[in-house]
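Input: a single structure, listed below in structure tokens.
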Amino acid sequence: MSMKTLPTTYDPRVVEVPRYQEWMRRGYFRAPVDRSRKPFVIMLPLPNVTGELHIGHASTFTIQDVLIRWRRMQGRNALWQPGTDHAGIATQNVVEREIAKEGLTLQQLGREKFEQRVWQWKEQYGDIIVEQLKRMGFSCDWNRFVFTLDPPYYDAVIEAFVRLYNQGLIYRGKRMVNWCPRDGSAISDLEVEYVEVDTQLWHVRYAGVDGGPGITIATQRPETILADVAVAVHPEDSRYAGLVGREVFVPIVNRRVPVIADRRVDPEFGTGALKITPGHDLLDNEIGADHNLPTLVVLDPQGRMTPDTGKYAGMDRFEARKVLGADLKAMGLVEKVEPYRTNIGTCDRCHAVIEPYISDQWFCDMTQMASRAAAAIRAGRVRFHHERWAKVVLHFLDHIRPWTISRQLWWGHRIPVWQCASCAEQVASKTRPDRCPKCGAHALEQDPDVLDTWFSSGIWPFATLGWPHDTPDLKYFYPGNVLVTASEILFLWIARMIMLGLHFRDDAPFTDVYVAPTVMTLDGRRMSKSLGTGIDPLEMADGLGYGADAVRFALVSHCSQAQQDLRFSEKMIADVRNFTTKIWNAARFVRMNLKGFDPHATPAPAALSPADRWIRSRYARVVESVTTNLEGYEFDKAARAIYDFLWSEYCDWYLELAKIDLQQASGSRRQAVQHTLWTVLAGTMQLLHPIMPFITEELWLQLPHDGDTIMLSAWPAADRRWLDPGAEVEMETVMAVIRAIRSMRAELSMQPSQTVPVVIRAEGAAAERLTRSKPYLLALARVSDLSFGTKSARRPAQSVGTVLPETEVFVQLSGLADADKERDRLMKALAEVEADLDRLARRLENPEFTTRAPAEVVEKERGRAGELRARQTRLQEILSSLESG
């Protein structure tokens, strides 16, 4: 084989992009129907067509790629279905801003031309995030890419609507919804983002109709007083027992309204008296309906006061709040205004404050579907990782409400309901009906609204496979296997996919849901580009040159089921660069030492040294550990197992041991070392490949291999014949002795080039193990002379010793070049330790410190005192050894 050497350093920017292009050219990500293989399917959580890759995407998508690449190497036909979502509100907002720069409004442009403009924008910018996903090395089957407004997918969405409508599950109704005045559309409960704000609580007196003092209410929204139809109190609130049944005047409009009793009123809030405004509050709407109260509305869809509000007509709601509040003060009806901190609902797209608003909308009854989904989860047919998330989803399903599926937008899947202009009959149809089925008229108008984006993405697991047609893809790939997601879309998307999958396909779309932790800053703040706290994964990969592999490993190695947050920083990515360098240098050493190596010649067991058998045994254990952790969705543990093995065992120990062996070995012994170097490194590259695909492919191709790519090579099997507890014990003994000698050398401030005489006292098997490993001890511990003795032998004079479980190790000091100088150095170090210990002891004896300082600070100082005492004892032992003899 060619002995081409690897470059001295690894530059991911040179390797990663060309390597990905080669994978794409060769079609390695393709997943055609192949009934000879078992499928493994993940549906990519659709990024918005308006989006750009952020660190949250990088985290959840990397986990998916780890699973896909791992299962592909296990021989599964791995399909990772990619696509983007049309993102109705978000995309319409972007394009609306663009046309506003031209001085145009939606109404001036018209629906048809506006849709054309959005498609133009999509063609120009819609592929940005796709290219970013490719840059991160994600191995989706890009030939199957789907955009949710592609004609086949559009047809599936409309088919789903028509079926649900004909089954009586979709209906139109007038009820209170979450209304975004900025977007001019209803949004679902799950699209409301609550933020904590400082506002005011107005205490306003409503005069009694009978001339009495009336009642004082507390409200955050004086502008809605004009729509009040009652004042409610709790029936057991003794303060208002005499007022229930009487009437009061609504300020400004002087409307007579009743004082009613209702148990839903919180007597602890404000004054305990609640103004009832059914047109502008959900709870008020429920109370009003139960008490047969009228519903008045004083805000229009744009959040402005309606024409019938007199002097306030046309005012923005927040402006009206100030003006109306000032008028109430002028009338002497405001008893006080106090600061109040509360949560308010905002639109998760544009962040405008949401209005509870009564309007005509389309709803989907989810009761039966939610019940089936909950049953599937409780039966274990859909499992959540971590299992605590199952309880969260079950609570949502058990308390499901009708889903508002209509949006007052132009961009999206238009609702396929047609209304007859003559008789108002409504009919759901995928195509425009020729005539009204009731009266026969030809004038039918399609509903102007579009469907909620989450409705169309809810059928993603089967609509992408050809549904409603019974395609080979659908038969083979549905149901899928795993869904990896962020916690914030558990209700919006995950639960709905389960419900719709069971409804339309009679099977849940996946068996396992992994909920990835939310990526946060180290101090627990949300990652945000606008806040200056975000980390751009592409900037890390290309701008700073860490590479996509480093970003991927940093995220996966901190992705724990035990934590809901992933505290993250650039340093974690930078640290991976050191790991990459370690791997690269190891591969260079192996590559340079394979001259004359025959990878097909398996070494005889007798040719393997204890060091070879040890690293093979440790490798077999790490194969088992990584595979088990991937099966359990313990991604951080899998990553750490590979990292610790490569760094701390293979590189730090076995390569050093192999260097010694290669200097002396020949024939079958040399072949055994080469075979061990190669098999363990190549196998570990396979274990690491799902996390770091680029560098592992680069190195695997430079080592002896079968096949064209590591990603189609067989996943390593944990060969239990390689397990060798005896070799592990032997090498642990050897490494413990080397570490002990190195530690004593450090305590004595010896130069790396300086060698020392060492005496080891050991008996039985331990003595035999150490005797066999004498070349390792001499070279790796820098020992000039090594002698062995029994445990009963006398301690060597002028020596520093360490006691290990089966041995005692002594570094002899008689050969030091300047014993007096060393003694002075040690005495100075001892004096410094004792001074620190004295200061720390006084501090810990001071009640002012121990009672007032945080408990963790006090505990930390106590731990430091213990370390100093141990150091003091050790220095005294060394000084005593210098004085002896």
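FYI, nothing fancy with the structure tokens labels: chains A, B, ... in order, residues from 1 per chain, ligands from 1 as they appear.
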DSSP says strand (DSSP E) for which residues of region 730-777 of chain A? Put them as a CSV table (one decimal) with N, CA and C atoms, in the first residue's frame?
```
chain,number,residue,atom,x,y,z
A,756,VAL,N,16.1,9.0,36.9
A,756,VAL,CA,16.2,8.7,38.4
A,756,VAL,C,16.3,7.2,38.6
A,757,PRO,N,16.9,6.8,39.7
A,757,PRO,CA,16.9,5.4,40.0
A,757,PRO,C,15.6,5.1,40.8
A,758,VAL,N,15.0,4.0,40.6
A,758,VAL,CA,13.7,3.6,41.2
A,758,VAL,C,13.8,2.2,41.8
A,759,VAL,N,13.2,2.1,43.0
A,759,VAL,CA,13.1,0.7,43.6
A,759,VAL,C,11.6,0.4,43.7
A,760,ILE,N,11.2,-0.7,43.3
A,760,ILE,CA,9.8,-1.2,43.4
A,760,ILE,C,9.7,-2.4,44.3
A,761,ARG,N,8.9,-2.3,45.4
A,761,ARG,CA,8.7,-3.5,46.2
A,761,ARG,C,7.3,-4.1,45.9
A,762,ALA,N,7.4,-5.3,45.4
A,762,ALA,CA,6.1,-6.0,45.0
A,762,ALA,C,6.4,-7.5,45.1
```
Please identify all polymer residues within 12 Å of region 268-270 of chain A, counting only C-alpha atoms, omitting same-chain residues fewer than 4 positions from it, and present them as a short mmCIF file (atom, residue, chain, number, x, y, z; two decimals) with all heavy atoms, in the first residue's frame.
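Resulting contents of out-v3.cif:
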```cif
data_model
loop_
_atom_site.label_atom_id
_atom_site.label_comp_id
_atom_site.auth_asym_id
_atom_site.auth_seq_id
_atom_site.Cartn_x
_atom_site.Cartn_y
_atom_site.Cartn_z
N GLN A 200 -49.58 48.84 34.98
CA GLN A 200 -50.25 49.53 36.09
C GLN A 200 -51.61 48.88 36.37
O GLN A 200 -52.26 48.35 35.47
CB GLN A 200 -50.47 51.01 35.75
CG GLN A 200 -49.18 51.81 35.63
CD GLN A 200 -49.46 53.24 35.21
OE1 GLN A 200 -50.22 53.47 34.27
NE2 GLN A 200 -48.86 54.20 35.90
N LEU A 201 -52.00 48.94 37.62
CA LEU A 201 -53.31 48.46 38.04
C LEU A 201 -54.14 49.67 38.47
O LEU A 201 -53.79 50.37 39.42
CB LEU A 201 -53.16 47.46 39.20
CG LEU A 201 -54.31 46.49 39.43
CD1 LEU A 201 -54.57 45.64 38.20
CD2 LEU A 201 -54.00 45.59 40.64
N TRP A 202 -55.22 49.93 37.71
CA TRP A 202 -56.07 51.08 37.96
C TRP A 202 -57.25 50.67 38.86
O TRP A 202 -57.97 49.74 38.55
CB TRP A 202 -56.64 51.62 36.64
CG TRP A 202 -55.59 52.15 35.70
CD1 TRP A 202 -54.65 51.44 35.02
CD2 TRP A 202 -55.40 53.51 35.33
NE1 TRP A 202 -53.88 52.27 34.26
CE2 TRP A 202 -54.32 53.56 34.42
CE3 TRP A 202 -56.05 54.72 35.68
CZ2 TRP A 202 -53.86 54.74 33.85
CZ3 TRP A 202 -55.59 55.90 35.10
CH2 TRP A 202 -54.51 55.91 34.21
N HIS A 203 -57.40 51.38 39.96
CA HIS A 203 -58.54 51.15 40.86
C HIS A 203 -59.59 52.21 40.53
O HIS A 203 -59.40 53.41 40.82
CB HIS A 203 -58.10 51.26 42.32
CG HIS A 203 -57.20 50.14 42.75
ND1 HIS A 203 -57.57 49.17 43.65
CD2 HIS A 203 -55.93 49.81 42.38
CE1 HIS A 203 -56.59 48.32 43.83
NE2 HIS A 203 -55.56 48.70 43.07
N VAL A 204 -60.69 51.77 39.91
CA VAL A 204 -61.71 52.69 39.39
C VAL A 204 -63.04 52.42 40.10
O VAL A 204 -63.47 51.27 40.22
CB VAL A 204 -61.87 52.52 37.87
CG1 VAL A 204 -62.90 53.51 37.33
CG2 VAL A 204 -60.52 52.71 37.16
N THR A 216 -65.58 49.41 43.73
CA THR A 216 -64.31 49.76 43.09
C THR A 216 -63.69 48.51 42.49
O THR A 216 -63.52 47.49 43.17
CB THR A 216 -63.35 50.39 44.10
OG1 THR A 216 -63.93 51.60 44.61
CG2 THR A 216 -62.01 50.72 43.44
N ILE A 217 -63.39 48.59 41.22
CA ILE A 217 -62.75 47.47 40.52
C ILE A 217 -61.27 47.79 40.30
O ILE A 217 -60.85 48.96 40.42
CB ILE A 217 -63.43 47.16 39.17
CG1 ILE A 217 -63.37 48.38 38.22
CG2 ILE A 217 -64.88 46.74 39.40
CD1 ILE A 217 -62.21 48.41 37.28
N ALA A 218 -60.47 46.76 39.98
CA ALA A 218 -59.07 46.96 39.61
C ALA A 218 -58.85 46.37 38.22
O ALA A 218 -59.25 45.24 37.95
CB ALA A 218 -58.15 46.28 40.63
N THR A 219 -58.25 47.15 37.33
CA THR A 219 -58.05 46.68 35.96
C THR A 219 -56.72 47.16 35.40
O THR A 219 -56.22 48.23 35.78
CB THR A 219 -59.19 47.16 35.04
OG1 THR A 219 -58.96 46.66 33.71
CG2 THR A 219 -59.25 48.69 34.97
N GLN A 220 -56.16 46.37 34.49
CA GLN A 220 -54.96 46.79 33.76
C GLN A 220 -55.33 47.50 32.47
O GLN A 220 -54.48 48.10 31.84
CB GLN A 220 -54.11 45.56 33.41
CG GLN A 220 -53.68 44.71 34.58
CD GLN A 220 -53.08 43.40 34.10
OE1 GLN A 220 -52.11 43.39 33.34
NE2 GLN A 220 -53.64 42.28 34.53
N VAL A 233 -68.19 39.48 41.64
CA VAL A 233 -67.48 39.26 42.90
C VAL A 233 -67.64 37.78 43.27
O VAL A 233 -68.52 37.08 42.76
CB VAL A 233 -68.02 40.15 44.03
CG1 VAL A 233 -67.81 41.63 43.72
CG2 VAL A 233 -69.49 39.86 44.30
N HIS A 234 -66.78 37.31 44.15
CA HIS A 234 -66.90 35.93 44.61
C HIS A 234 -68.09 35.82 45.57
O HIS A 234 -68.27 36.69 46.43
CB HIS A 234 -65.61 35.48 45.31
CG HIS A 234 -65.52 34.01 45.51
ND1 HIS A 234 -66.16 33.36 46.55
CD2 HIS A 234 -64.86 33.05 44.80
CE1 HIS A 234 -65.90 32.06 46.46
NE2 HIS A 234 -65.11 31.84 45.42
N ASP A 237 -67.36 36.36 49.26
CA ASP A 237 -66.63 37.56 49.67
C ASP A 237 -67.57 38.45 50.47
O ASP A 237 -68.47 39.10 49.91
CB ASP A 237 -66.09 38.29 48.43
CG ASP A 237 -65.07 39.37 48.79
OD1 ASP A 237 -65.13 39.88 49.93
OD2 ASP A 237 -64.22 39.69 47.93
N ARG A 264 -65.54 32.00 39.91
CA ARG A 264 -64.30 32.11 39.16
C ARG A 264 -63.55 33.41 39.45
O ARG A 264 -62.40 33.59 39.01
CB ARG A 264 -64.59 32.00 37.66
CG ARG A 264 -64.92 30.57 37.22
CD ARG A 264 -65.54 30.50 35.86
NE ARG A 264 -66.94 30.93 35.87
CZ ARG A 264 -67.79 30.76 34.87
NH1 ARG A 264 -67.39 30.14 33.76
NH2 ARG A 264 -69.05 31.16 34.95
N LEU A 274 -64.37 42.26 39.89
CA LEU A 274 -63.87 42.10 38.52
C LEU A 274 -64.85 42.71 37.53
O LEU A 274 -66.03 42.34 37.50
CB LEU A 274 -63.71 40.60 38.23
CG LEU A 274 -63.21 40.21 36.84
CD1 LEU A 274 -61.74 40.60 36.67
CD2 LEU A 274 -63.37 38.70 36.64
N LYS A 275 -64.38 43.64 36.72
CA LYS A 275 -65.23 44.17 35.66
C LYS A 275 -65.37 43.10 34.58
O LYS A 275 -64.41 42.43 34.23
CB LYS A 275 -64.67 45.47 35.09
CG LYS A 275 -63.46 45.34 34.21
CD LYS A 275 -62.94 46.72 33.81
CE LYS A 275 -62.10 46.67 32.54
NZ LYS A 275 -62.85 46.27 31.35
N LYS A 336 -56.75 54.94 42.96
CA LYS A 336 -55.28 54.88 42.95
C LYS A 336 -54.82 54.12 41.71
O LYS A 336 -55.58 53.37 41.08
CB LYS A 336 -54.73 54.21 44.21
CG LYS A 336 -55.07 52.74 44.36
CD LYS A 336 -54.37 52.16 45.60
CE LYS A 336 -54.73 50.68 45.80
NZ LYS A 336 -54.04 50.09 46.95
N VAL A 337 -53.57 54.35 41.34
CA VAL A 337 -52.91 53.61 40.25
C VAL A 337 -51.61 53.08 40.83
O VAL A 337 -50.79 53.85 41.32
CB VAL A 337 -52.62 54.51 39.04
CG1 VAL A 337 -51.93 53.71 37.95
CG2 VAL A 337 -53.89 55.15 38.52
N GLU A 338 -51.47 51.76 40.81
CA GLU A 338 -50.28 51.16 41.43
C GLU A 338 -49.48 50.36 40.40
O GLU A 338 -50.04 49.82 39.45
CB GLU A 338 -50.67 50.26 42.60
CG GLU A 338 -51.62 49.13 42.23
CD GLU A 338 -52.03 48.31 43.44
OE1 GLU A 338 -51.33 48.38 44.47
OE2 GLU A 338 -53.04 47.59 43.37
N PRO A 339 -48.15 50.29 40.59
CA PRO A 339 -47.33 49.48 39.69
C PRO A 339 -47.75 48.00 39.78
O PRO A 339 -48.10 47.52 40.86
CB PRO A 339 -45.90 49.68 40.22
CG PRO A 339 -45.97 50.90 41.08
CD PRO A 339 -47.35 50.94 41.65
N TYR A 340 -47.67 47.31 38.66
CA TYR A 340 -48.10 45.93 38.65
C TYR A 340 -47.26 45.17 37.62
O TYR A 340 -47.10 45.60 36.49
CB TYR A 340 -49.58 45.84 38.27
CG TYR A 340 -50.17 44.45 38.32
CD1 TYR A 340 -50.24 43.74 39.51
CD2 TYR A 340 -50.64 43.84 37.16
CE1 TYR A 340 -50.79 42.47 39.57
CE2 TYR A 340 -51.20 42.56 37.19
CZ TYR A 340 -51.26 41.89 38.41
OH TYR A 340 -51.81 40.63 38.46
#
```
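Omitting region 735-745 of chain A and its sequence neighbours fewer than 3 positions away, and counting only C-alpha atoms, the residues within 9 Å are Trp653, Glu730, Met731, Glu732, Leu748, Ser749, Met750, Gln751, Pro752, Val756, Val758, Ile760, Leu770, Tyr776, Leu777, Leu780, Ala781, Arg782, Val783, Val800, Gly801, Thr802, Val803, Leu804, Thr807, Glu808, Val809, Phe810 and Val811 of chain A.
Nearest to Ala428 (chain A) of all the residues A:Leu662, A:Leu868, A:Leu444, A:Ala207 is A:Leu444, counting only C-alpha atoms.
Distance annotation: of A:Arg321, A:Arg871, A:Lys791, A:His280, the residue with the minimal separation from Ala831 (chain A) is A:Arg871; atom set is only C-alpha atoms.
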- [ ] Just the residues within 12 Å of Met136 (chain A), please, counting only C-alpha atoms, with nothing from its chain fewer than 2 positions along; format it as a PyMOL selection string.
- [x] chain A and resi 12-13+16-17+19-20+53-55+57-59+61-63+65+129-134+138-140+536-542+546-553+691-694
